[in-house]
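J.: So that we are looking at the same thing, I have put the structure below in C-alpha cells.
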Amino acid sequence: MAGSRLERVGSVFSRTRDLMRAGVLKEKPVWFDIYEAFPPLREPVYRRPRLRYGKAKASIQDIFYQEDQIRAKFFSAYGSGQKAFDLFNPKFKSICQRFVEKYMELQNLGETDEEKLFVETGKALLAEGVILRRVREARTVNVGPQASSEGKQPQEEEARAQQEPKTALSPP
Amino acid sequence: MAPAPALLTPLLCAGVRRWPGFLQKAALGPAGQNGRMVTGAPAPAVSEPQDSYELQSRILNVPLQHSDFFNVKELFSVKSLFEARVHLGHKAGCRHRFMEPYIFGNRLGQDIIDLDQTALNLQQALNFTAHVAYRKGIILFVSRNRQFSYLIENTARDCGEYAHTRYFKGGLLTNAQLLFGPTVRLPDLIIFLHTLNNVFEPHVAVRDAAKMNIPTVGIVDTNCNPCLITYPVPGNDDSPQAIQLFCQLFQTTINRAKEKRRQMEALHRLQSRDSEGSATSSAPDKSHSP
C-alpha cells in the first residue's frame with residue numbers, strides 16, 4: 001500500500017493528491033473528497049518553531065478597560081472584597097463590580113471629580129447595605145520592572161494609588 | 001442493501017476500548033489487501049450494479065455541494081463557547097508562537113483566545129467530522145489528559161466510534177500491520193481533545209497521523225503547536241466545562257451524520273424499489289443486468 005511518511009514536506013492532502021496523480025495510490029481515501037470540498041483555513045504544513053531574538057516581541061495586545069482604573073483604586077483602598085468570588089455562577093456580581101457600576105452611574109449623572117466620585121460611590125453602596133472596610137497596611141507599591149504585558153495605564157494607577165494613602169508607611 | 005464496508009478486524013485493541021455493540025459493521029465485504037476502504041466500494045454481487053453509480057452520485061456527492069449539509073452551525077454560538085470558558089488560555093509565558101494569530105489579547109497575564117476565529121474553525125472541524133462519519137469513516141478520539149479520559153471514552157462509545165486515552169505505544173499507527181495483523185483498517189479521522197501529553201510535549205499521534213496521511217481535528221490551547229493538525233480548533237482544553245462542550249458537540253455531529261446516512265440510504269432504497277416497480281410493470285427485466 002503506497003503512502004508517504006514525510007510529515008514535514010507538504011500537507012496530508014498535497015501528498016495524497018500527488019500520489020494519486022502519479023498513479024501510485026490506487027484507492028481514494030475516504031476523506032479526500034471532503035477535504036477538497038471543504039479545505040481548512042490554513043493548509044496544515046509543517047513549520048519549524050523558531051525563537052524570537054533580540055527586541056522582537058509578539059504582537060498581542062493587552063486587554064484593559066476604562067473600569068480597570070476604578071477597580072485599581074477600589075482594591076488599593078479597600079483591599080480584596082469582603083465577599084468571596086463565586087466563579088460557578090456566570091451572573092455573579094462581586095462587590096467590586098457593583099462599586100464600578102455605581103461609579104459609572106454617578107459619572108454619567110455629571111460628576112467629574114474623581115475623589116468625590118469615589119467617596120460618593122462608597123456612600124451609595126453603604127446606603128444599599130454593603131459595608132466597605134478600608135485597609136491601611138504596609139503596602140509596598142512597587143512600580144518595578146514588570147513584564148512587557150503591562151501598558152502605561154497600570155503605572156499611572158499605581159502612581160495615583162501611591163498618592164492616596166496620606167500616611168506613608170515605610171517599607172520593611 | 002447498501003454496499004458493505006470493508007472488513008473491520010479488531011482495530012486498535014492495544015489499550016483501546018472496543019465496544020462490541022457497535023462493532024457489527026455489517027457483513028464482510030470485499031476488502032483490499034490492506035483493508036483501506038474506497039468511497040463507493042464495489043457493491044456486493046446481490047444488488048444491481050447500476051445501484052452503486054446512483055449511490056455514488058446521490059448519496060455521496062450531494063452532501064458535498066451544500067456548505068453546511070448537517071447544519072452544524074446551530075449546535076453552538078460564540079456565547080455558548082464563552083460560557084463554557086473556551087476563551088481562556090494559559091499564561092503569556094506558556095504561549096506557543098504559532099498560536100499567536102488565534103489569540104485575541106492578554107488580560108493581566110492570561111491569554112484570551114479569539115472566539116470569532118474559534119467559531120469559524122470549529123464549524124469547519126465539525127463539518128468535516130460529520131462528512132467523515134456520513135461516509136462511514138472510522139473516527140478515533142485521542143487524549144492523554146487523565147482527568148477527562150472517562151468522559152472521552154463514554155463519548156466515543158455513545159457515538160459508536162473509538163477512543164484511545166491511554167499510553168500511546170510507539171508504532172500503533174506507523175507499525176499497525178505488525179501490531180494488529182496484515183489486514184487492519186486505520187482510522188480515517190483522529191480527533192484530539194488534548195494535543196499535548198502528560199509532559200507537555202506534542203502527542204506522538206499528531207506526527208504519526210500526518211505520517212500515515214490521516215487528517216486530524218484537534219483542540220489546540222495556547223501552549224500547543226497547531227501546524228500539523230488539519231483542522232485545528234483554538235480553545236481551552238483544561239476546563240471541564242469546555243471539554244464537556246466539545247465532547248457533546250462531536251457526539252451530536254457524529255450521531256447526526258450517521259442518522260442522515262441511514263435516512264439517505266433508506267430513501268434511496270425506496271426510490272430504487274419504486275423505479276424498479278415501475279420499470280417491471282412497463283418493461284420487464286430492464287434493471288436486472290448481469
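Identifiers in the C-alpha cells: chain A, B, ... in order shown; residue index from 1 per chain; ligand index from 1 in order shown.
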Residues at most 12 Å from Val86 (chain B), counting only C-alpha atoms, excluding those fewer than 6 positions away in the same chain, as a PyMOL selection string?
T.: chain B and resi 76-80+103+111-119+122+219-222+233-246
J.: Enumerate, in order of chain and increasing residue number, the residues of chain A with an atom no farther than 7 Å from chain B, each with its shortest atom pair and distance in Å to one decimal, counting only C-alpha atoms, as a Markdown table.
T.:
| residue | atom | partner | partner_atom | distance |
| --- | --- | --- | --- | --- |
| A:Met1 | CA | B:Asn34 | CA | 6.6 |
| A:Gly3 | CA | B:Met212 | CA | 7.0 |
| A:Ser4 | CA | B:Lys211 | CA | 6.7 |
| A:Arg5 | CA | B:Lys211 | CA | 4.1 |
| A:Leu6 | CA | B:Lys211 | CA | 5.9 |
| A:Glu7 | CA | B:Lys211 | CA | 5.0 |
| A:Val12 | CA | B:Asn213 | CA | 5.1 |
| A:Glu27 | CA | B:Val38 | CA | 5.9 |
| A:Lys28 | CA | B:Val38 | CA | 5.9 |
| A:Pro29 | CA | B:Val38 | CA | 6.2 |
| A:Val30 | CA | B:Thr39 | CA | 5.8 |
| A:Trp31 | CA | B:Val132 | CA | 6.2 |
| A:Ile34 | CA | B:His131 | CA | 6.8 |
| A:Ala37 | CA | B:Leu64 | CA | 6.3 |
| A:Pro40 | CA | B:Tyr231 | CA | 6.0 |
| A:Pro44 | CA | B:Thr230 | CA | 5.1 |
| A:Val45 | CA | B:Cys227 | CA | 6.1 |
| A:Tyr46 | CA | B:Cys227 | CA | 5.4 |
| A:Arg47 | CA | B:Cys227 | CA | 6.4 |
| A:Ile60 | CA | B:Gly105 | CA | 5.5 |
| A:Gln61 | CA | B:Gly105 | CA | 5.0 |
| A:Asp62 | CA | B:Asn106 | CA | 4.7 |
| A:Ile63 | CA | B:Arg107 | CA | 5.0 |
| A:Ser149 | CA | B:Gly109 | CA | 6.8 |
J.: What is the distance, in Å and to one decimal place, between CA of Pro202 (chain B) and CA of Asp18 (chain A)?
T.: 27.5 Å
J.: If you run DSSP on the backbone here, which positions in region 56-104 of chain A get helix (DSSP H, G or I)? Please write them as number ranges by chain.
T.: A: 67-78, 95-104
J.: Print the selection's residues with N, CA and C atoms to a file, as a short mmCIF file (atom, residue, chain, number, x, y, z; two decimals), in the first residue's frame.
T.:
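result36.cif written:
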data_model
loop_
_atom_site.label_atom_id
_atom_site.label_comp_id
_atom_site.auth_asym_id
_atom_site.auth_seq_id
_atom_site.Cartn_x
_atom_site.Cartn_y
_atom_site.Cartn_z
N GLU A 67 -12.88 50.74 33.18
CA GLU A 67 -13.26 50.41 34.56
C GLU A 67 -12.08 49.89 35.37
N ASP A 68 -10.99 49.48 34.67
CA ASP A 68 -9.84 48.96 35.40
C ASP A 68 -9.23 50.01 36.31
N GLN A 69 -9.32 51.27 35.90
CA GLN A 69 -8.77 52.33 36.77
C GLN A 69 -9.56 52.40 38.06
N ILE A 70 -10.88 52.30 37.92
CA ILE A 70 -11.74 52.34 39.11
C ILE A 70 -11.45 51.13 39.99
N ARG A 71 -11.29 49.97 39.33
CA ARG A 71 -11.03 48.74 40.10
C ARG A 71 -9.72 48.85 40.86
N ALA A 72 -8.71 49.44 40.22
CA ALA A 72 -7.41 49.55 40.88
C ALA A 72 -7.53 50.41 42.13
N LYS A 73 -8.27 51.51 42.00
CA LYS A 73 -8.44 52.38 43.17
C LYS A 73 -9.21 51.69 44.27
N PHE A 74 -10.24 50.95 43.87
CA PHE A 74 -11.05 50.23 44.86
C PHE A 74 -10.19 49.25 45.63
N PHE A 75 -9.39 48.47 44.90
CA PHE A 75 -8.60 47.44 45.57
C PHE A 75 -7.50 48.03 46.42
N SER A 76 -6.96 49.15 46.01
CA SER A 76 -5.91 49.73 46.84
C SER A 76 -6.50 50.34 48.10
N ALA A 77 -7.75 50.84 48.00
CA ALA A 77 -8.37 51.45 49.18
C ALA A 77 -8.97 50.41 50.11
N TYR A 78 -9.69 49.46 49.54
CA TYR A 78 -10.47 48.55 50.37
C TYR A 78 -9.91 47.13 50.39
N ILE A 95 -18.51 42.64 44.88
CA ILE A 95 -18.65 43.99 45.47
C ILE A 95 -17.94 45.00 44.59
N CYS A 96 -16.77 44.59 44.09
CA CYS A 96 -16.01 45.50 43.23
C CYS A 96 -16.80 45.85 41.99
N GLN A 97 -17.46 44.86 41.43
CA GLN A 97 -18.23 45.11 40.21
C GLN A 97 -19.38 46.06 40.49
N ARG A 98 -20.05 45.88 41.64
CA ARG A 98 -21.15 46.79 41.99
C ARG A 98 -20.61 48.21 42.18
N PHE A 99 -19.45 48.28 42.81
CA PHE A 99 -18.82 49.58 43.02
C PHE A 99 -18.57 50.26 41.68
N VAL A 100 -18.02 49.48 40.76
CA VAL A 100 -17.69 50.04 39.44
C VAL A 100 -18.95 50.52 38.74
N GLU A 101 -20.00 49.72 38.83
CA GLU A 101 -21.23 50.11 38.13
C GLU A 101 -21.83 51.37 38.74
N LYS A 102 -21.80 51.44 40.08
CA LYS A 102 -22.34 52.63 40.73
C LYS A 102 -21.51 53.86 40.36
N TYR A 103 -20.21 53.68 40.31
CA TYR A 103 -19.30 54.76 39.92
C TYR A 103 -19.64 55.27 38.54
N MET A 104 -19.85 54.32 37.60
CA MET A 104 -20.15 54.72 36.23
C MET A 104 -21.48 55.45 36.17
#
J.: I'd like to know which residues of region 200-248 of chain B are strand (DSSP E or B) (by DSSP, run on the backbone); could you write them as a PDB file with C-alpha atoms, in the first residue's frame?
T.:
ATOM      1  CA  PRO B 202       3.032  17.193  21.396  1.00  0.00           C
ATOM      2  CA  THR B 216      -6.798  15.318  12.213  1.00  0.00           C
ATOM      3  CA  VAL B 217      -9.109  17.610  14.103  1.00  0.00           C
ATOM      4  CA  GLY B 218      -7.701  18.966  17.344  1.00  0.00           C
ATOM      5  CA  ILE B 219      -8.469  21.343  20.192  1.00  0.00           C
ATOM      6  CA  VAL B 220      -5.331  23.463  20.452  1.00  0.00           C
ATOM      7  CA  TYR B 231      -8.451  21.342  11.273  1.00  0.00           C
ATOM      8  CA  PRO B 232      -7.222  22.974  14.475  1.00  0.00           C
ATOM      9  CA  VAL B 233      -9.786  24.475  16.840  1.00  0.00           C
ATOM     10  CA  PRO B 234      -8.188  27.042  19.131  1.00  0.00           C
TER      11      PRO B 234
END
J.: List every residue of region 75-144 of chain B that has an atom at most 6 Å from any atom of region 153-163 of chain B, giving for each one its closest atom pair and the distance in Å to one decimal, counting only C-alpha atoms, sorted by chain and then by ascending residue number, as a Markdown table.
T.:
| residue | atom | partner | partner_atom | distance |
| --- | --- | --- | --- | --- |
| B:Ile139 | CA | B:Glu161 | CA | 5.7 |
| B:Leu140 | CA | B:Tyr162 | CA | 4.8 |
| B:Phe141 | CA | B:Ala163 | CA | 4.4 |
| B:Val142 | CA | B:Ala163 | CA | 5.9 |
